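K.L.:
Handing you a structure now.
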Amino acid sequence: MPQQELQNENIVTAHDVCCIEGKLEDDSKNLADQCDVHLNRDYETQDRNHAPITPRRTAALDAMTLHELLTGQLDCRSVAEVIDAILATPTVCMQTNGISHGRPSTADEAEKVQPASDDHENRANDKHIAAILCPRTNVERLDIARAYKSLYDEDLTAMLKQKLIGEFRQLIQALMETPTSFDAHQLHQAVNSHSMLTGLCTKSSTLIEILCTRSSDEIRLIEKEYRQMFGTYLENDISKVTWHHLMHLFMWLCAGVREESTSIDHQKAHEDAKLLCAADEAHFARDSTLFAFILSTQGVAQLRAVFNEYQHIAGVDIEKVVEREFIGDFREALTTIIMTVQNRLPTFYAHRIHKALHGISSHNSSLIRLIVTRSDIDIAAIRNEYERIYHETLEQDITAYCSGVFREGLQLVARC
């Protein structure tokens with residue numbers, strides 16, 4: 001490109017950036033408010049103690065770099081400069097044991113990028129797309145998408161879907177959705193799945209993972225999004241693929257009647273604990289519905305009091321009773337609620353991720369869902385639990401069981 005044309009293009013680009021900066025700042029604040037219900041759950045296990053990237057400073061530049069990568073306008077000779085620019089921005093990734101888990105080094109990236117073939121160039125572009133999008137928070141990625149729309153009047157998510165392939169495309173698509181939208185899509189996929197596989201691929205596992213760990217406010221937002229996306233009610237779809245006590249549990253959770261107050265009614269907690277003890281004596285055969293009702297309609301603080309009262313009266317932890325008396329998906333759902341109430345979600349997710357990685361067949365869809373949904377919440381705590389339980393780091397297992405740019409992107413998400 002002639003020097004004069006290049007200068008003119010730079011002037012236009014700078015002008016465009018200036019025009020959208022103010023709008024991005026306002027949109028970023030609105031989006032942060034909308035996502036607040038997701039980013040502020042599970043305070044006791046969150047690890048977001050770092051300052052986020054300032055969206056108005058980086059979103060437009062990242063959008064322009066993505067446009068060049070997606071349209072093939074980025075010369076491979078400029079790769080090192082692009083990576084330098086990315087690395088110059090503040091990283092949202094944490095550091096563990098003194099080892100940086102941020103973006104890959106410029107030297108490593110530049111060495112791997114060689115203009116040898118179209119496939120090699122596409123892989124190099126995918127690596128740069130991962131370096132831009134995977135370490136960001138959800139709010140920051142959506143800021144980049146809005147900047148892309150403002151600059152080029154094109155939908156970034158649609159462009160990414162068109163240009164990327166395989167599991168890496170699936171990962172990037174998941175990252176570009178809001179938490180509410182992603183949960184709604186995952187639930188719809190679960191209730192419409194015809195897979196006969198067992199384990200994490202069953203319908204119930206996805207339903208349990210989402211409905212039994214989200215707050216009432218989150219579930220109400222998911223239900224609203226589900227209805228807008230698919231024109232049907234979530235409860236109706238769930239009732240078609242579940243039955244008996246598990247269906248009742250899901251229906252009560254979908255009703256969103258849990259009281260999220262921190263206040264505790266100790267008298268009611270004592271009475272509920274006595275009811276559960278009576279059900280225990282009957283081996284729960286007649287009272288499974290009662291057990292499901294109490295765990296799905298009481299708030300977290302109230303359930304903690306119920307569990308404490310139960311242990312005081314029965315002399316045994318309620319989780320052990322559930323493990324002893326129930327089987328299958330219903331037991332898994334009750335156990336998940338108990339772990340949520342007891343602030344043990346990092347342990348829960350560590351187990352699920354390990355199953356996804358070490359299952360008898362590939363479970364990359366589950367792996368993406370598990371890591372993406374916790375990346376802005378408690379992924380560092382999950383990494384710590386994973387290593388404590390399995391004596392291998394999460395990064396080591398991702399390296400062993402995943403491949404290509406999908407592996408590299410997933411590692412970037414899991415490090416943040």
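Starting from 1 in every chain, residues are counted up; chains themselves are A, B, ... following the order of the structure tokens, and ligands are numbered from 1 as listed.
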For stretch 162-168 of chain A, find every residue with an atom within 9 Å (counting only C-alpha atoms), except residues of its own chain fewer than 2 positions away, and show them as a list in words.
P.N.:
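The filter keeps Leu70, Asn122, Asp126, Ala130, Thr157, Ala158, Met159, Leu160, Gln170, Leu171, Ile172, Gln173, Asn364, Ser365, Ile368, Gly404, Val405, Phe406, Arg407, Gly409 and Leu410 of chain A.
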K.L.:
Please dump the current selection as a short mmCIF file (atom, residue, chain, number, x, y, z; two decimals), in the first residue's frame; keep all heavy atoms.
P.N.:
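Resulting contents of out35.cif:
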```cif
data_model
loop_
_atom_site.label_atom_id
_atom_site.label_comp_id
_atom_site.auth_asym_id
_atom_site.auth_seq_id
_atom_site.Cartn_x
_atom_site.Cartn_y
_atom_site.Cartn_z
N LEU A 70 -9.34 -11.75 10.61
CA LEU A 70 -10.47 -12.45 10.01
C LEU A 70 -10.60 -12.20 8.51
O LEU A 70 -11.13 -13.03 7.78
CB LEU A 70 -11.77 -12.05 10.71
CG LEU A 70 -11.91 -12.53 12.17
CD1 LEU A 70 -13.10 -11.87 12.83
CD2 LEU A 70 -12.05 -14.05 12.23
N ASN A 122 -3.70 -19.92 8.78
CA ASN A 122 -4.97 -19.94 9.50
C ASN A 122 -4.76 -20.31 10.95
O ASN A 122 -5.39 -19.75 11.85
CB ASN A 122 -5.93 -20.93 8.83
CG ASN A 122 -6.45 -20.43 7.50
OD1 ASN A 122 -6.44 -19.23 7.24
ND2 ASN A 122 -6.86 -21.35 6.65
N ASP A 126 -5.61 -18.12 14.20
CA ASP A 126 -6.41 -18.65 15.31
C ASP A 126 -5.71 -18.43 16.65
O ASP A 126 -6.34 -18.11 17.65
CB ASP A 126 -6.69 -20.14 15.10
CG ASP A 126 -7.68 -20.40 13.98
OD1 ASP A 126 -8.26 -19.43 13.47
OD2 ASP A 126 -7.87 -21.58 13.62
N ALA A 130 -7.13 -16.32 19.75
CA ALA A 130 -7.17 -16.84 21.12
C ALA A 130 -6.47 -15.91 22.08
O ALA A 130 -6.95 -15.67 23.20
CB ALA A 130 -6.54 -18.24 21.16
N THR A 157 -19.31 -12.02 16.30
CA THR A 157 -19.57 -13.43 16.59
C THR A 157 -19.88 -14.21 15.32
O THR A 157 -19.42 -15.33 15.14
CB THR A 157 -20.73 -13.56 17.59
OG1 THR A 157 -20.41 -12.83 18.78
CG2 THR A 157 -20.98 -15.01 17.96
N ALA A 158 -20.66 -13.60 14.43
CA ALA A 158 -20.97 -14.26 13.15
C ALA A 158 -19.72 -14.44 12.31
O ALA A 158 -19.54 -15.49 11.66
CB ALA A 158 -22.02 -13.46 12.39
N MET A 159 -18.85 -13.45 12.30
CA MET A 159 -17.61 -13.56 11.55
C MET A 159 -16.72 -14.67 12.10
O MET A 159 -16.13 -15.46 11.35
CB MET A 159 -16.86 -12.23 11.58
CG MET A 159 -17.46 -11.15 10.69
SD MET A 159 -17.26 -11.53 8.93
CE MET A 159 -15.47 -11.38 8.76
N LEU A 160 -16.64 -14.74 13.42
CA LEU A 160 -15.84 -15.79 14.05
C LEU A 160 -16.40 -17.17 13.74
O LEU A 160 -15.65 -18.12 13.45
CB LEU A 160 -15.78 -15.57 15.56
CG LEU A 160 -14.98 -14.36 16.03
CD1 LEU A 160 -15.31 -14.03 17.49
CD2 LEU A 160 -13.49 -14.59 15.87
N GLN A 170 -16.21 -23.66 18.72
CA GLN A 170 -17.18 -23.87 19.80
C GLN A 170 -16.76 -23.12 21.06
O GLN A 170 -17.60 -22.51 21.75
CB GLN A 170 -17.29 -25.38 20.09
CG GLN A 170 -18.40 -25.75 21.04
CD GLN A 170 -18.49 -27.25 21.25
OE1 GLN A 170 -17.85 -28.03 20.56
NE2 GLN A 170 -19.28 -27.66 22.22
N LEU A 171 -15.48 -23.15 21.37
CA LEU A 171 -14.97 -22.42 22.54
C LEU A 171 -15.17 -20.92 22.39
O LEU A 171 -15.67 -20.26 23.32
CB LEU A 171 -13.48 -22.73 22.74
CG LEU A 171 -12.74 -21.91 23.79
CD1 LEU A 171 -13.33 -22.16 25.18
CD2 LEU A 171 -11.25 -22.20 23.78
N ILE A 172 -14.81 -20.36 21.24
CA ILE A 172 -14.93 -18.92 21.03
C ILE A 172 -16.39 -18.49 21.04
O ILE A 172 -16.74 -17.44 21.60
CB ILE A 172 -14.25 -18.51 19.71
CG1 ILE A 172 -12.73 -18.75 19.80
CG2 ILE A 172 -14.53 -17.06 19.38
CD1 ILE A 172 -12.04 -17.94 20.88
N GLN A 173 -17.27 -19.27 20.44
CA GLN A 173 -18.69 -18.94 20.47
C GLN A 173 -19.21 -18.88 21.90
O GLN A 173 -20.01 -18.00 22.25
CB GLN A 173 -19.48 -19.97 19.66
CG GLN A 173 -19.38 -19.78 18.16
CD GLN A 173 -20.28 -20.75 17.42
OE1 GLN A 173 -19.88 -21.86 17.07
NE2 GLN A 173 -21.51 -20.35 17.20
N ASN A 364 -15.64 -32.68 25.04
CA ASN A 364 -15.14 -31.32 24.91
C ASN A 364 -16.24 -30.28 25.10
O ASN A 364 -15.98 -29.18 25.58
CB ASN A 364 -14.45 -31.13 23.56
CG ASN A 364 -13.08 -31.79 23.52
OD1 ASN A 364 -12.39 -31.87 24.54
ND2 ASN A 364 -12.68 -32.29 22.37
N SER A 365 -17.47 -30.61 24.70
CA SER A 365 -18.58 -29.67 24.91
C SER A 365 -18.79 -29.41 26.39
O SER A 365 -18.99 -28.27 26.82
CB SER A 365 -19.86 -30.21 24.27
OG SER A 365 -19.74 -30.30 22.87
N ILE A 368 -15.82 -27.31 27.75
CA ILE A 368 -15.98 -25.89 27.42
C ILE A 368 -16.98 -25.24 28.35
O ILE A 368 -16.75 -24.17 28.91
CB ILE A 368 -16.41 -25.73 25.95
CG1 ILE A 368 -15.26 -26.11 25.01
CG2 ILE A 368 -16.88 -24.30 25.68
CD1 ILE A 368 -15.68 -26.22 23.56
N GLY A 404 -4.04 -28.83 19.68
CA GLY A 404 -4.14 -27.69 18.77
C GLY A 404 -4.46 -26.38 19.44
O GLY A 404 -4.24 -26.17 20.63
N VAL A 405 -5.02 -25.48 18.65
CA VAL A 405 -5.34 -24.14 19.15
C VAL A 405 -6.48 -24.21 20.16
O VAL A 405 -6.60 -23.34 21.03
CB VAL A 405 -5.66 -23.20 17.98
CG1 VAL A 405 -6.99 -23.53 17.33
CG2 VAL A 405 -5.65 -21.75 18.43
N PHE A 406 -7.32 -25.25 20.08
CA PHE A 406 -8.36 -25.44 21.10
C PHE A 406 -7.73 -25.61 22.47
O PHE A 406 -8.18 -25.02 23.46
CB PHE A 406 -9.21 -26.66 20.75
CG PHE A 406 -10.13 -27.10 21.86
CD1 PHE A 406 -11.18 -26.30 22.28
CD2 PHE A 406 -9.94 -28.33 22.48
CE1 PHE A 406 -12.03 -26.71 23.30
CE2 PHE A 406 -10.78 -28.75 23.50
CZ PHE A 406 -11.83 -27.93 23.91
N ARG A 407 -6.68 -26.42 22.55
CA ARG A 407 -5.97 -26.62 23.81
C ARG A 407 -5.39 -25.31 24.32
O ARG A 407 -5.52 -24.97 25.51
CB ARG A 407 -4.85 -27.65 23.62
CG ARG A 407 -3.97 -27.83 24.84
CD ARG A 407 -2.88 -28.86 24.56
NE ARG A 407 -1.99 -28.41 23.49
CZ ARG A 407 -1.16 -29.23 22.82
NH1 ARG A 407 -1.15 -30.52 23.09
NH2 ARG A 407 -0.39 -28.73 21.87
N GLY A 409 -6.27 -22.20 23.57
CA GLY A 409 -7.33 -21.27 23.98
C GLY A 409 -7.93 -21.65 25.31
O GLY A 409 -8.19 -20.79 26.16
N LEU A 410 -8.17 -22.94 25.49
CA LEU A 410 -8.77 -23.42 26.75
C LEU A 410 -7.82 -23.14 27.92
O LEU A 410 -8.26 -22.78 29.01
CB LEU A 410 -9.07 -24.90 26.64
CG LEU A 410 -10.08 -25.48 27.61
CD1 LEU A 410 -11.45 -24.85 27.41
CD2 LEU A 410 -10.19 -27.00 27.42
#
```
K.L.:
Which is closer to A:Val257 than all the others in A:Thr297, A:Thr213, A:Gln396, A:Gln342, using only C-alpha atoms?
P.N.:
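Result for the nearest residue to A:Val257: A:Thr297.
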K.L.:
Do you have the atom CA of A:Asp217-atom CA of A:Ala255 distance handy?
P.N.:
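Separation between atom CA of A:Asp217 and atom CA of A:Ala255: 10.6 Å.
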K.L.:
By how many Å are atom CA of A:Cys254 and atom CA of A:Gln311 apart?
P.N.:
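According to the coordinates, atom CA of A:Cys254 and atom CA of A:Gln311 are separated by 28.2 Å.
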K.L.:
Using DSSP on the backbone coordinates, identify all residues within stretch 193-299 of chain A classified as alpha helix (DSSP H); present the result as number ranges by chain.
P.N.:
A: 203-211, 216-230, 234-239, 244-255, 266-281, 288-297
K.L.:
Find the residues around A:Phe293 up to 10 Å (only C-alpha atoms counted), leave out those fewer than 3 positions away in its own chain, and share them as JSON, numbers by chain.
P.N.:
{"A": [245, 248, 249, 250, 251, 252, 253, 287, 288, 289, 290, 296, 297, 298]}
K.L.:
Keeping N, CA and C atoms for every residue in the selection just given, could you write it to a file as an mmCIF file, in the first residue's frame?
P.N.:
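Printed below is selection25.cif as written:
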```cif
data_model
loop_
_atom_site.group_PDB
_atom_site.id
_atom_site.type_symbol
_atom_site.label_atom_id
_atom_site.label_comp_id
_atom_site.auth_asym_id
_atom_site.auth_seq_id
_atom_site.Cartn_x
_atom_site.Cartn_y
_atom_site.Cartn_z
ATOM 1 N N HIS A 245 -39.212 -37.632 41.010
ATOM 2 C CA HIS A 245 -38.698 -36.675 41.985
ATOM 3 C C HIS A 245 -37.731 -35.674 41.347
ATOM 4 N N HIS A 248 -39.762 -32.934 39.752
ATOM 5 C CA HIS A 248 -40.297 -32.037 40.785
ATOM 6 C C HIS A 248 -39.212 -31.083 41.282
ATOM 7 N N LEU A 249 -38.020 -31.609 41.499
ATOM 8 C CA LEU A 249 -36.905 -30.772 41.956
ATOM 9 C C LEU A 249 -36.613 -29.663 40.961
ATOM 10 N N PHE A 250 -36.532 -30.013 39.686
ATOM 11 C CA PHE A 250 -36.248 -29.008 38.655
ATOM 12 C C PHE A 250 -37.378 -27.983 38.544
ATOM 13 N N MET A 251 -38.622 -28.438 38.665
ATOM 14 C CA MET A 251 -39.748 -27.522 38.558
ATOM 15 C C MET A 251 -39.717 -26.484 39.686
ATOM 16 N N TRP A 252 -39.393 -26.925 40.889
ATOM 17 C CA TRP A 252 -39.315 -25.988 42.019
ATOM 18 C C TRP A 252 -38.130 -25.027 41.855
ATOM 19 N N LEU A 253 -37.038 -25.535 41.349
ATOM 20 C CA LEU A 253 -35.898 -24.648 41.107
ATOM 21 C C LEU A 253 -36.236 -23.612 40.038
ATOM 22 N N ASP A 287 -40.763 -40.135 51.191
ATOM 23 C CA ASP A 287 -40.586 -38.715 51.428
ATOM 24 C C ASP A 287 -39.524 -38.069 50.532
ATOM 25 N N SER A 288 -39.237 -38.666 49.403
ATOM 26 C CA SER A 288 -38.275 -38.071 48.490
ATOM 27 C C SER A 288 -38.751 -36.710 48.000
ATOM 28 N N THR A 289 -40.048 -36.595 47.764
ATOM 29 C CA THR A 289 -40.593 -35.326 47.288
ATOM 30 C C THR A 289 -40.426 -34.245 48.347
ATOM 31 N N LEU A 290 -40.655 -34.605 49.618
ATOM 32 C CA LEU A 290 -40.455 -33.643 50.704
ATOM 33 C C LEU A 290 -39.007 -33.173 50.742
ATOM 34 N N SER A 296 -34.951 -27.392 47.392
ATOM 35 C CA SER A 296 -35.092 -26.563 46.191
ATOM 36 C C SER A 296 -35.844 -25.263 46.428
ATOM 37 N N THR A 297 -36.459 -25.112 47.600
ATOM 38 C CA THR A 297 -37.240 -23.900 47.855
ATOM 39 C C THR A 297 -36.682 -23.033 48.980
ATOM 40 N N GLN A 298 -35.803 -23.577 49.817
ATOM 41 C CA GLN A 298 -35.211 -22.786 50.886
ATOM 42 C C GLN A 298 -33.979 -22.047 50.368
#
```
K.L.:
Rank nothing, just name the residue among A:Ile398, A:Ala314, A:Leu370, A:Ala273 nearest to A:Ile353, using only C-alpha atoms.
P.N.:
A:Leu370
K.L.:
So, with only C-alpha atoms as the atoms that count, which of A:Gln302, A:Ser403, A:Ser263, A:Thr347 lies closest to A:Arg383?
P.N.:
A:Thr347
K.L.:
Have a look at atom CA of A:Asn138 and atom CA of A:Leu151 and let me know their distance in Å, one decimal.
P.N.:
20.1 Å
K.L.:
Considering only C-alpha atoms, state which residue in the set A:Ser205, A:Ser261, A:Asn236, A:Thr65 is at the smallest distance from A:Ala131.
P.N.:
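Comparing A:Ser205, A:Ser261, A:Asn236, A:Thr65 against A:Ala131, the winner is A:Thr65.
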K.L.:
Do a neighbour search on stretch 220-233 of chain A at 9 Å with only C-alpha atoms, toss out local chain neighbours closer than 5 positions, and write the hits as a PyMOL selection string.
P.N.:
chain A and resi 179-185+187-188+215+238+254-256
